[in-house]
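The structure appears right after this line, and notes come after that.
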Amino acid sequence: QESEETSSTYTDRGADRCLKCHDEFSEFPVMDIFKTKHAETSDPRTPFAKLQCETCHGPGSEHADMSIDDEEEERPPIRDFGHRGAETPVAEQNAVCLSCHDDRHRNDWRGSAHQTGQVACADCHQIHTTHDRVLTPSEEPQVCFQCHTRERSESYRASSHPLRYGSMSCGSCHEPHGSLTESMLRRSTLNQTCYECHAEKRGPFLWEHAPVSEDCAHCHQPHGSNHPALLTQRAPLLCQRCHSQAGHPSIAFTGDLTSGASPTAGMLLGQSCMNCHSQVHGSNHPSGVNLKR
Amino acid sequence: GAAAELWYQAGEVDKSEWECKYCLFESGLSGDVQLGVGSVDENQFGFGNYTGYDDDGAYLVLGADLRYRGEEAAYWRLNSSRLALDSRSVRLEGGRQGSYRIGVDYLEIPRLYSDGAETPFTGVGGNDLQLPENWVKAGTTDGMTELDNSLRPVALRTDRRRVGVGVEITPTSRWSYSADFRRERKEGLNVIGGSMLFRSTLLPEPVDYTTEQLDLGVGYQGDHWNVQVGYYGSFFREENRSLRWDNPFGDPTGANEGQLALPPDNEFHQVTLSGRYDVSEATRASAKLSLGRMTQNDEFLPYTVNPALTTGALPRDSLEGEVRTTNLDARLVSAWSERLTLQADFRHDQRDDETPTDSFDYVSTDAFLPGARENRQYDRRDSRLALQGRYQLTPQTRVSTGADYDRKRRPDEEVEETQETTVWAEAASRLHPTSQLVVGLAYADRDASEYRVLDAAIPEQNPLMVKFNMASREQERAEARLTVSPREHIDFGVELAFRDNDYTDGAIGLRSSRDTSVSFDATVLVSRSLSFHGFASREVHDNEQTGSQDFSVPDWFATTEDAINSAGVGVSWEVFHDSFTQKGLNLSLDYVRSDATGKIGIRNETGFPDLESSVTNVQAQARYRFSETVSTELAYYYERFESDDWMVDGVEPDTLPTVLTLGSEGQNYDNHVIAAYVRYRF
């Protein structure tokens with residue numbers, strides 16, 4: 001979708017026309033853009049080395065020429081960005097940004113969940129500020145959480161990655177501008193992404209635990225869980241999804257846990273199955289076949 | 001498109017009178033620094049998890065956000081936070097726009113598990129745990145008469161410290177070169193179980209990891225295409241190879257000590273070729289091919305440290321473990337017409353396990369020799385093709401639909417092949433210029449080939465067990481999202497999500513799982529100076545599974561339900577602001593509460609006790625601006641965490657007769673931090 005053609009032309013004085021109204025005290029203050037990379041005239045790629053404000057906002061003479069006293073009539077819009085209800089269609093907004101930023105970092109933007117979901121660049125990025133929150137790793141999750149409300153709730157679970165504490169960002173694992181992997185991950189697979197910080201679980205091990213090397217998410221919920229270690233479910237039931245061997249792995253809880261002497265308590269309390277089978281991610285011990293060494 | 005029409009007029013625009021005299025271009029140093037003092041109310045270990053607020057008393061508030069702009073697009077930028085705490089971070093980036101960029105960063109992450117743990121062992125932190133000389137062994141913990149006298153507190157925590165350096169050079173607009181290196185140390189203590197026949201001891205596990213990662217890349221940007229070649233290397237080292245401990249139990253087999261392996265050193269190397277080609281303005285193809293190699297060759301530990309046992313020789317001294325990975329991803333997306341966009345995604349992930357297999361005459365828990373077992377390799381292939389079309393039905397409404405086909409092959413596991421077909425549809429409609437409804441539905445059907453019981457499984461697996469990740473499955477998904485903006489700067493959103501999995505093979509194991517969630521969020525900007533936001537959500541995760549104690553048909557049925565309710569509200573208020581003197585007062589307050597309940601029921605039995613956890617978090621800030629440059633700020637941080645967790649609550653070291661635990665309970669806390677500092681902007 002494109003906005004209707006306007007007859008507007010570029011202003012006669014460029015940014016000076018815009019800044020007469022859009023000063024620090026205006027409804028839409030813009031002056032902080034002069035503290036950012038976009039306002040660098042000696043970098044010929046930047047808006048201020050081109051058509052200044054109108055590089056992005058488009059020809060503004062009609063918008064600017066209207067008398068400030070003429071309150072009756074609505075000011076003809078310039079190309080506007082970001083907020084819901086913006087006059088400019090999202091595709092056109094983004095085309096403006098991509099006219100410079102459509103480089104190798106945006107190869108997979110087209111067809112990505114954010115692009116097909118009509119997310120505007122300016123939904124996440126702020127241009128007229130020295131402090132674009134989404135580019136500050138410690139504050140970036142708060143920007144993502146505005147839409148990803150489930151993940152925000154999950155970040156408050158008893159077990160979580162340190163997203164809400166600012167020590168990790170969504171971008172540690174995800175590529176918001178699109179990637180060809182599932183869930184827009186930065187690395188080729190989920191496991192390769194997890195191993196960036198958890199390389200001790202990568203192996204290869206002499207005794208592999210098959211589901212581990214296949215998919216960390218078989219047992220873990222990366223955005224937060226009320227079970228320890230971001231587990232999707234509590235042991236022993238988590239383990240019993242796949243293990244019903246002859247002997248103790250198959251027993252159901254039938255005792256009273258208030259007494260440690262219950263016959264099953266030793267297999268349920270503390271670390272549950274991992275009291276003995278502690279090497280759940282794989283073991284390199286020659287006697288580690290049952291993941292007990 | 002829209003953009004193309006615009007830029008290219010630049011040369012035609014008469015800019016002779018464009019003076020930019022009101023443009024306040026910044027040069028030199030600017031930014032803001034914060035200096036002050038904070039105080040943590042109480043000494044509560046769990047409160048320090050991720051935050052660094054584990055010690056009570058005063059701490060220094062020190063932070064800086066500095067910018068420098070120099071001649072010819074030179075710049076520097078420094079960000080830092082929590083400099084005086086164990087959760088500090090610093091980031092420095094600089095360079096010349098369009099030419100090069102250099103970055104350095106440092107980050108610490110404290111992970112605090114428990115300070116209530118106790119252990120009778122000495123040598124904690126090392127890889128050799130010893131019991132006191134006068135230790136009295138017993139078959140069960142209640143007979144360990146020297147336990148109480150021997151217990152020493154131990155804090156279970158790990159600390160990550162990461163340093164990174166990176167450089168990116170773009171000598172021309174065509175070429176780019178980049179190199180990033182990160183080195184992370186993770187040190188501290190974790191918990192690991194060491195078993196001995198039918199007894200176990202929870203041990204403080206030394207953690208002394210170093211992970212180094214290197215990313216190198218070179219790229220070329222053509223007019224309608226680009227290509228990149230990259231290398232990724234990851235190198236993991238653990239200082240301790242093993243953890244040895246004295247057996248505190250009187251073992252009938254005479255095993256006096258045990259030894260666990262700690263994670264072996266390993267490496268991962270990967271080369272990546274990626275790029276894109278714009279077939280036309282409407283059609284783009286992009287792809288990425290990654291070839292990787294995971295290796296591990298740590299020297300093997302002996303079968304056992306029990307000298308009373310006679311074992312055969314190890315078949316080899318080390319694993320010579322090697323896994324090759326191939327990942328190919330490709331996408332073709334085309335705006336077929338103004339209204340119709342078609343897209344195809346293909347993905348192929350392959351794991352070739354080249355690790356040699358041998359027969360190992362293993363020792364069970366340093367106690368006895370049950371026989372020989374061969375290690376297994378796991379090769380896997382996962383190929384997926386996804387097709388979709390998006391059609392702009394009316395200016396307000398867009399419909400999308402697609403089909404995915406996913407074939408997974410696991411030649412070394414119980415199910416050799418699964419094939420899954422997914423169909424989905426979504427409609428997004430602007431009901432009103434400022435309201436949007438998106439509804440999506442999906443159905444997936446996964447077929448599994450015959451389930452094989454593997455010979456190697458000892459003890460034998462129940463033949464009615466079908467592991468959920470390779471079982472036939474029917475999945476239904478539904479999602480709906482409504483966003484309404486009745487006025488500019490007032491946004492409401494409601495989201496519903498549902499996913500149901502039914503596992504249709506076998507009779508034992510996970511039978512079904514269901515996730516439902518509903519969430520509501522709102523942002524209201526009453527004026528430029530006052531805004532509110534809030535959210536509320538409820539999520540429920542249900543599972544049904546079966547088991548068989550008698551190694552026959554299912555004789556127990558379990559349900560688990562995790563229900564989580566969360567809500568938060570926040571307000572941000574500029575109480576006053578004098579635009580002439582720049583004096584002003586800003587207040588903000590955020591409150592979040594999240595309550596989780598976990599229920600596990602066993603049909604016709606009492607079931608497990610409930611699991612409960614609750615987080616309450618309050619953050620408040622008041623900022624008084626004296627002038628354009630100086631302000632003083634008061635910040636308040638509060639968090640309460642409460643949990644009822646039957647797995648650890650009340651489990652003292654000797655509570656369980658057969659497991660000597662560390663007695664570490666849940667980390668409940670209820671604590672405040674208050675900080676006052678001056679912020680200077682320049």
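Ligands are numbered from 1 in the order shown, residues from 1 within each chain, and chains are lettered A, B, ... in the order they appear in the structure tokens.
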
Query raised in the report: Do you know which residues are at most 12 Å from stretch 21-26 of chain A counting only C-alpha atoms, after dropping those on the same chain fewer than 2 positions away, and could you put them as a PyMOL selection string?
Result: (chain A and resi 15-19+28-34+53+63-68+128-129) or (chain B and resi 22-24+528+577-580+582)

Query raised in the report: as a PyMOL selection string, which residues of stretch 64-251 of chain A does DSSP assign to helix (DSSP H, G or I)?
Result: chain A and resi 64-65+90-101+104-106+113-116+121-124+133-135+140-144+149-154+170-172+182-184+190-194+199-201+210-214+216-218+228-230+237-240+248-250

**Report entry** Polymer residues at most 9 Å from B:Asn306, only C-alpha atoms, same-chain spacing of 3 or more positions, as JSON, numbers by chain
**Finding:** {"B": [254, 255, 256, 257, 258, 303, 309, 310, 366, 367]}

Requested in this report: Compile the contact shell of stretch 89-91 of chain B as JSON, numbers by chain: residues with an atom at most 10 Å away, counting only C-alpha atoms, same-chain residues fewer than 4 positions apart removed.
Outcome: {"A": [136, 137, 138, 166, 167], "B": [63, 64, 65, 77, 78, 79, 80, 81, 82, 83, 84, 85, 103, 104, 105, 106, 107, 108, 109, 161, 162, 163, 164, 165]}

Query raised in the report: So which residues of stretch 159-349 of chain B fall under strand (DSSP E or B) by DSSP, listed as an MDAnalysis selection string?
Result: chainID B and resid 159:169 175:196 199:221 225:238 242:246 249 257:261 266:278 283:296 299 318 321:335 340:349

Query raised in the report: So, counting only C-alpha atoms, which residue among B:Gly506, B:Pro132, B:Gly547, B:Pro486 is closest to B:Tyr451?
Result: B:Gly506
